[in-house]
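A.B. asks: Please see the structure below; I have some questions.
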Amino acid sequence: MIPTITAFANSPDRGRGQARDMRVRWALEEVGQPYDVRLVSFAEMKQPAHLALHPFGQIPTYEDGDLALFESGAIVLHLAARHAGLLPDDANARSRAIAWVFAALNTLEPPIVELGMAMLFERDRSWYAERLPMLQDRVRTRLGELSRRLGNADWLDGAFSAGDLMMVTVLRRLHTSGLLDEYPDLSAYVARGEARPAFRRAFDAQLAVFAAASRS
């Protein structure tokens with residue numbers, strides 16, 4: 001049976017590969033697992049059928065037989081556990097890779113998302129100019145810490161893993177902010193992730209959905 005994921009019928013990221021189904025698409029492509037996609041509108045995401053899969057009315061969801069999952073990190077880890085290629089065989093290295101998944105989602109992503117939301121929705125507020133540097137510095141703190149940890153390595157801990165997949169997708173949210181350019185090693189790290197054939201296939205598939213919606 002081929003698993004099915006859900007994705008935006010008309011993504012608000014305008015095809016830039018930032019919607020969170022991108023993470024799941026990329027993981028599926030890395031492990032060579034075919035999949036189907038069910039596109040959902042914002043209205044459909046709040047209907048009982050979708051809420052039964054995702055109690056918070058978001059995407060992505062993942063269905064495979066009698067298993068239904070939500071949350072991109074949980075789905076990626078499920079795929080990594082079931083298929084070779086995203087987690088090391090060594091038990092300690094495997095645990096470290098999983099730790100990087102959580103670091104991406106819990107430590108890096110919150111200040112990055114907060115900055116992005118402010119830049120998108122708060123520019124006309126009187127306090128925006130004062131708040132923006134504070135948000136940027138919070139992100140810089142995390143980027144500096146990550147940069148020191150990465151050093152000259154290609155990936156976070158040995159070979160490419162689910163931790164890198166998740167971290168790259170989180171860092172890509174900074175492309176329009178200019179902050180990533182301040183850390184050439186992290187920019188190169190993200191570029192290495194984006195150059196992977198599985199990433200390109202996932203990106204092109206998500207972009208095709210946006211392009212089709214734009215023509216309709």
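Chain identifiers are assigned as A, B, and so on, following the order in which chains appear in the structure tokens; residues are numbered from 1 within each chain, and ligands are numbered from 1 in order of appearance.
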Need the shell around region 116-132 of chain A: protein/DNA/RNA residues with any atom at most 12 Å away, counting only C-alpha atoms. Skip same-chain ones fewer than 2 positions apart. Format as a PyMOL selection string?
C.D. replies: chain A and resi 12-13+18+109-114+134-139+170-179
A.B. asks: Can you list, as an MDAnalysis selection string, every residue of region 46-188 of chain A that DSSP puts in strand (DSSP E or B)?
C.D. replies: chainID A and resid 61:64 67:70
A.B. asks: Could you write out, as a VMD selection string, all the residues of chain A that DSSP marks as alpha helix (DSSP H)?
C.D. replies: chain A and resid 21 to 31 48 to 51 72 to 82 91 to 103 109 to 121 128 to 150 162 to 171 184 to 194 197 to 215
A.B. asks: Mind checking which residues fall within 10 Å of Ser72 (chain A), counting only C-alpha atoms, ignoring those fewer than 3 positions away in the same chain, and posting them as a PyMOL selection string?
C.D. replies: chain A and resi 20-25+59-62+69+75-78+105+166
A.B. asks: Taking 3 positions as the minimum chain separation for residues in the same chain, which residues sit within 9 Å of Ser11 (chain A) when counting only C-alpha atoms? Answer as a compact mmCIF listing (two decimals) with all heavy atoms, in the first residue's frame.
C.D. replies:
```txt
# COMPACT_ATOMS: atom_id res chain seq x y z
N ALA A 7 -1.32 17.97 1.77
CA ALA A 7 -0.58 19.19 1.49
C ALA A 7 -1.58 20.28 1.14
O ALA A 7 -2.74 20.01 0.84
CB ALA A 7 0.41 18.98 0.35
N PHE A 8 -1.11 21.53 1.18
CA PHE A 8 -1.96 22.66 0.81
C PHE A 8 -2.39 22.55 -0.65
O PHE A 8 -1.56 22.33 -1.53
CB PHE A 8 -1.23 23.98 0.98
CG PHE A 8 -0.99 24.40 2.40
CD1 PHE A 8 0.30 24.65 2.85
CD2 PHE A 8 -2.05 24.56 3.28
CE1 PHE A 8 0.53 25.06 4.15
CE2 PHE A 8 -1.83 24.97 4.59
CZ PHE A 8 -0.54 25.22 5.02
N ARG A 14 3.88 30.20 -1.67
CA ARG A 14 4.04 30.51 -3.09
C ARG A 14 5.10 29.62 -3.75
O ARG A 14 5.88 30.06 -4.60
CB ARG A 14 4.37 31.99 -3.31
CG ARG A 14 3.32 32.93 -2.73
CD ARG A 14 3.59 34.37 -3.07
NE ARG A 14 3.53 34.61 -4.52
CZ ARG A 14 2.41 34.76 -5.21
NH1 ARG A 14 1.23 34.72 -4.59
NH2 ARG A 14 2.44 34.96 -6.52
N GLY A 15 5.12 28.35 -3.37
CA GLY A 15 5.98 27.38 -4.03
C GLY A 15 7.44 27.44 -3.65
O GLY A 15 8.28 26.90 -4.37
N ALA A 19 6.38 25.07 3.13
CA ALA A 19 5.27 24.39 3.79
C ALA A 19 5.78 23.06 4.35
O ALA A 19 6.64 22.40 3.75
CB ALA A 19 4.13 24.17 2.81
N GLN A 206 6.33 19.89 -4.91
CA GLN A 206 5.54 20.89 -4.19
C GLN A 206 5.32 22.14 -5.05
O GLN A 206 4.23 22.70 -5.06
CB GLN A 206 6.23 21.26 -2.87
CG GLN A 206 5.31 22.02 -1.92
CD GLN A 206 6.04 22.49 -0.68
OE1 GLN A 206 6.93 23.32 -0.77
NE2 GLN A 206 5.65 21.96 0.47
N VAL A 209 2.44 21.85 -7.53
CA VAL A 209 1.11 22.05 -6.96
C VAL A 209 0.76 23.53 -6.96
O VAL A 209 -0.34 23.93 -7.36
CB VAL A 209 1.03 21.48 -5.53
CG1 VAL A 209 -0.31 21.84 -4.88
CG2 VAL A 209 1.21 19.98 -5.55
N PHE A 210 1.70 24.37 -6.55
CA PHE A 210 1.45 25.81 -6.52
C PHE A 210 1.24 26.35 -7.95
O PHE A 210 0.36 27.16 -8.20
CB PHE A 210 2.59 26.55 -5.85
CG PHE A 210 2.46 28.05 -5.93
CD1 PHE A 210 1.57 28.73 -5.11
CD2 PHE A 210 3.21 28.78 -6.85
CE1 PHE A 210 1.43 30.10 -5.19
CE2 PHE A 210 3.07 30.15 -6.94
CZ PHE A 210 2.17 30.82 -6.10
N ALA A 213 -2.18 25.46 -9.17
CA ALA A 213 -3.21 26.25 -8.50
C ALA A 213 -3.22 27.67 -9.05
O ALA A 213 -4.29 28.30 -9.16
CB ALA A 213 -2.97 26.26 -7.00
```
A.B. asks: I need the residue nearest Ser41 (chain A) from this list: A:Gly65, A:Asn10, A:Ala74, A:Trp26. Use only C-alpha atoms for the distance.
C.D. replies: A:Asn10
A.B. asks: Find the spatial neighbours of Asp185 (chain A), counting only C-alpha atoms, within a cut-off of 10 Å - ignore same-chain residues fewer than 4 positions away - and output them as a PyMOL selection string.
C.D. replies: chain A and resi 146-148+150-154+180-181+189-191
A.B. asks: Would you mind listing what lies within 10 Å of Ala68 (chain A) as an mmCIF file with all heavy atoms, in the first residue's frame, with only C-alpha atoms counted and same-chain residues fewer than 2 positions away left out?
C.D. replies:
```cif
data_model
loop_
_atom_site.group_PDB
_atom_site.id
_atom_site.type_symbol
_atom_site.label_atom_id
_atom_site.label_comp_id
_atom_site.auth_asym_id
_atom_site.auth_seq_id
_atom_site.Cartn_x
_atom_site.Cartn_y
_atom_site.Cartn_z
ATOM 1 N N PRO A 3 1.620 5.026 0.974
ATOM 2 C CA PRO A 3 1.143 6.011 1.953
ATOM 3 C C PRO A 3 0.634 7.274 1.277
ATOM 4 O O PRO A 3 1.040 7.600 0.153
ATOM 5 C CB PRO A 3 2.378 6.297 2.811
ATOM 6 C CG PRO A 3 3.538 5.928 1.953
ATOM 7 C CD PRO A 3 3.071 4.798 1.090
ATOM 8 N N THR A 4 -0.240 7.972 1.976
ATOM 9 C CA THR A 4 -0.810 9.227 1.479
ATOM 10 C C THR A 4 -0.511 10.338 2.465
ATOM 11 O O THR A 4 -0.702 10.174 3.671
ATOM 12 C CB THR A 4 -2.334 9.101 1.297
ATOM 13 O OG1 THR A 4 -2.623 8.087 0.336
ATOM 14 C CG2 THR A 4 -2.936 10.420 0.828
ATOM 15 N N ILE A 5 -0.020 11.457 1.955
ATOM 16 C CA ILE A 5 0.183 12.633 2.788
ATOM 17 C C ILE A 5 -0.768 13.732 2.327
ATOM 18 O O ILE A 5 -1.288 13.684 1.208
ATOM 19 C CB ILE A 5 1.643 13.136 2.746
ATOM 20 C CG1 ILE A 5 1.982 13.710 1.356
ATOM 21 C CG2 ILE A 5 2.599 12.013 3.125
ATOM 22 C CD1 ILE A 5 3.326 14.425 1.308
ATOM 23 N N ALA A 52 -9.980 14.656 12.138
ATOM 24 C CA ALA A 52 -9.796 13.306 12.668
ATOM 25 C C ALA A 52 -8.362 12.824 12.465
ATOM 26 O O ALA A 52 -7.869 11.982 13.217
ATOM 27 C CB ALA A 52 -10.770 12.347 11.987
ATOM 28 N N LEU A 53 -7.692 13.383 11.444
ATOM 29 C CA LEU A 53 -6.296 13.046 11.194
ATOM 30 C C LEU A 53 -5.340 13.990 11.896
ATOM 31 O O LEU A 53 -4.272 13.584 12.361
ATOM 32 C CB LEU A 53 -6.016 13.089 9.683
ATOM 33 C CG LEU A 53 -6.805 12.124 8.809
ATOM 34 C CD1 LEU A 53 -6.530 12.422 7.336
ATOM 35 C CD2 LEU A 53 -6.425 10.689 9.142
ATOM 36 N N HIS A 54 -5.701 15.261 11.933
ATOM 37 C CA HIS A 54 -4.848 16.287 12.552
ATOM 38 C C HIS A 54 -5.725 17.145 13.453
ATOM 39 O O HIS A 54 -6.487 17.984 12.974
ATOM 40 C CB HIS A 54 -4.187 17.153 11.479
ATOM 41 C CG HIS A 54 -3.015 17.925 11.972
ATOM 42 N ND1 HIS A 54 -3.055 18.696 13.121
ATOM 43 C CD2 HIS A 54 -1.742 18.035 11.495
ATOM 44 C CE1 HIS A 54 -1.880 19.264 13.310
ATOM 45 N NE2 HIS A 54 -1.066 18.875 12.348
ATOM 46 N N THR A 61 -0.431 15.498 7.091
ATOM 47 C CA THR A 61 -0.786 14.257 7.759
ATOM 48 C C THR A 61 -0.219 13.112 6.928
ATOM 49 O O THR A 61 0.173 13.294 5.774
ATOM 50 C CB THR A 61 -2.305 14.076 7.903
ATOM 51 O OG1 THR A 61 -2.897 14.035 6.594
ATOM 52 C CG2 THR A 61 -2.919 15.215 8.699
ATOM 53 N N TYR A 62 -0.193 11.929 7.532
ATOM 54 C CA TYR A 62 0.377 10.749 6.886
ATOM 55 C C TYR A 62 -0.517 9.566 7.200
ATOM 56 O O TYR A 62 -0.850 9.328 8.371
ATOM 57 C CB TYR A 62 1.791 10.517 7.430
ATOM 58 C CG TYR A 62 2.458 9.220 7.012
ATOM 59 C CD1 TYR A 62 3.289 9.169 5.901
ATOM 60 C CD2 TYR A 62 2.299 8.058 7.767
ATOM 61 C CE1 TYR A 62 3.927 7.992 5.533
ATOM 62 C CE2 TYR A 62 2.934 6.876 7.403
ATOM 63 C CZ TYR A 62 3.754 6.854 6.292
ATOM 64 O OH TYR A 62 4.393 5.686 5.938
ATOM 65 N N GLU A 63 -0.936 8.856 6.158
ATOM 66 C CA GLU A 63 -1.759 7.664 6.338
ATOM 67 C C GLU A 63 -1.117 6.496 5.607
ATOM 68 O O GLU A 63 -0.748 6.614 4.433
ATOM 69 C CB GLU A 63 -3.163 7.890 5.786
ATOM 70 C CG GLU A 63 -3.957 8.983 6.480
ATOM 71 C CD GLU A 63 -5.227 9.311 5.742
ATOM 72 O OE1 GLU A 63 -6.234 8.598 5.974
ATOM 73 O OE2 GLU A 63 -5.210 10.247 4.922
ATOM 74 N N ASP A 64 -0.993 5.394 6.308
ATOM 75 C CA ASP A 64 -0.435 4.182 5.722
ATOM 76 C C ASP A 64 -1.153 2.994 6.355
ATOM 77 O O ASP A 64 -0.882 2.644 7.504
ATOM 78 C CB ASP A 64 1.065 4.099 5.974
ATOM 79 C CG ASP A 64 1.725 2.948 5.220
ATOM 80 O OD1 ASP A 64 1.036 2.314 4.392
ATOM 81 O OD2 ASP A 64 2.921 2.683 5.453
ATOM 82 N N GLY A 65 -2.094 2.425 5.623
ATOM 83 C CA GLY A 65 -2.897 1.361 6.205
ATOM 84 C C GLY A 65 -3.731 1.888 7.352
ATOM 85 O O GLY A 65 -4.447 2.877 7.212
ATOM 86 N N ASP A 66 -3.610 1.255 8.518
ATOM 87 C CA ASP A 66 -4.389 1.699 9.678
ATOM 88 C C ASP A 66 -3.640 2.695 10.542
ATOM 89 O O ASP A 66 -4.088 3.037 11.638
ATOM 90 C CB ASP A 66 -4.830 0.494 10.519
ATOM 91 C CG ASP A 66 -3.639 -0.327 11.036
ATOM 92 O OD1 ASP A 66 -2.481 0.028 10.712
ATOM 93 O OD2 ASP A 66 -3.880 -1.317 11.756
ATOM 94 N N PHE A 70 0.244 12.778 12.485
ATOM 95 C CA PHE A 70 0.380 14.197 12.199
ATOM 96 C C PHE A 70 1.669 14.677 12.846
ATOM 97 O O PHE A 70 2.306 13.930 13.591
ATOM 98 C CB PHE A 70 -0.843 14.993 12.698
ATOM 99 C CG PHE A 70 -1.028 14.979 14.190
ATOM 100 C CD1 PHE A 70 -0.583 16.036 14.973
ATOM 101 C CD2 PHE A 70 -1.666 13.910 14.817
ATOM 102 C CE1 PHE A 70 -0.759 16.034 16.352
ATOM 103 C CE2 PHE A 70 -1.845 13.898 16.198
ATOM 104 C CZ PHE A 70 -1.393 14.958 16.958
ATOM 105 N N ILE A 75 6.346 12.226 11.635
ATOM 106 C CA ILE A 75 6.244 11.477 10.379
ATOM 107 C C ILE A 75 7.631 11.150 9.838
ATOM 108 O O ILE A 75 7.909 10.019 9.415
ATOM 109 C CB ILE A 75 5.418 12.274 9.351
ATOM 110 C CG1 ILE A 75 3.996 12.495 9.862
ATOM 111 C CG2 ILE A 75 5.397 11.541 8.009
ATOM 112 C CD1 ILE A 75 3.195 13.496 9.046
#
```
A.B. asks: Within 12 Å of region 87-98 of chain A, counting only C-alpha atoms, which residues qualify if same-chain residues fewer than 3 places away don't, as number ranges by chain?
C.D. replies: A: 27, 30-31, 73-74, 76-84, 101-105, 155-167
A.B. asks: I'd like the interatomic distance between CA of Ala212 (chain A) and CA of Ala9 (chain A), to a tenth of an Å.
C.D. replies: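 That distance, rounded to one decimal, is 9.4 Å.
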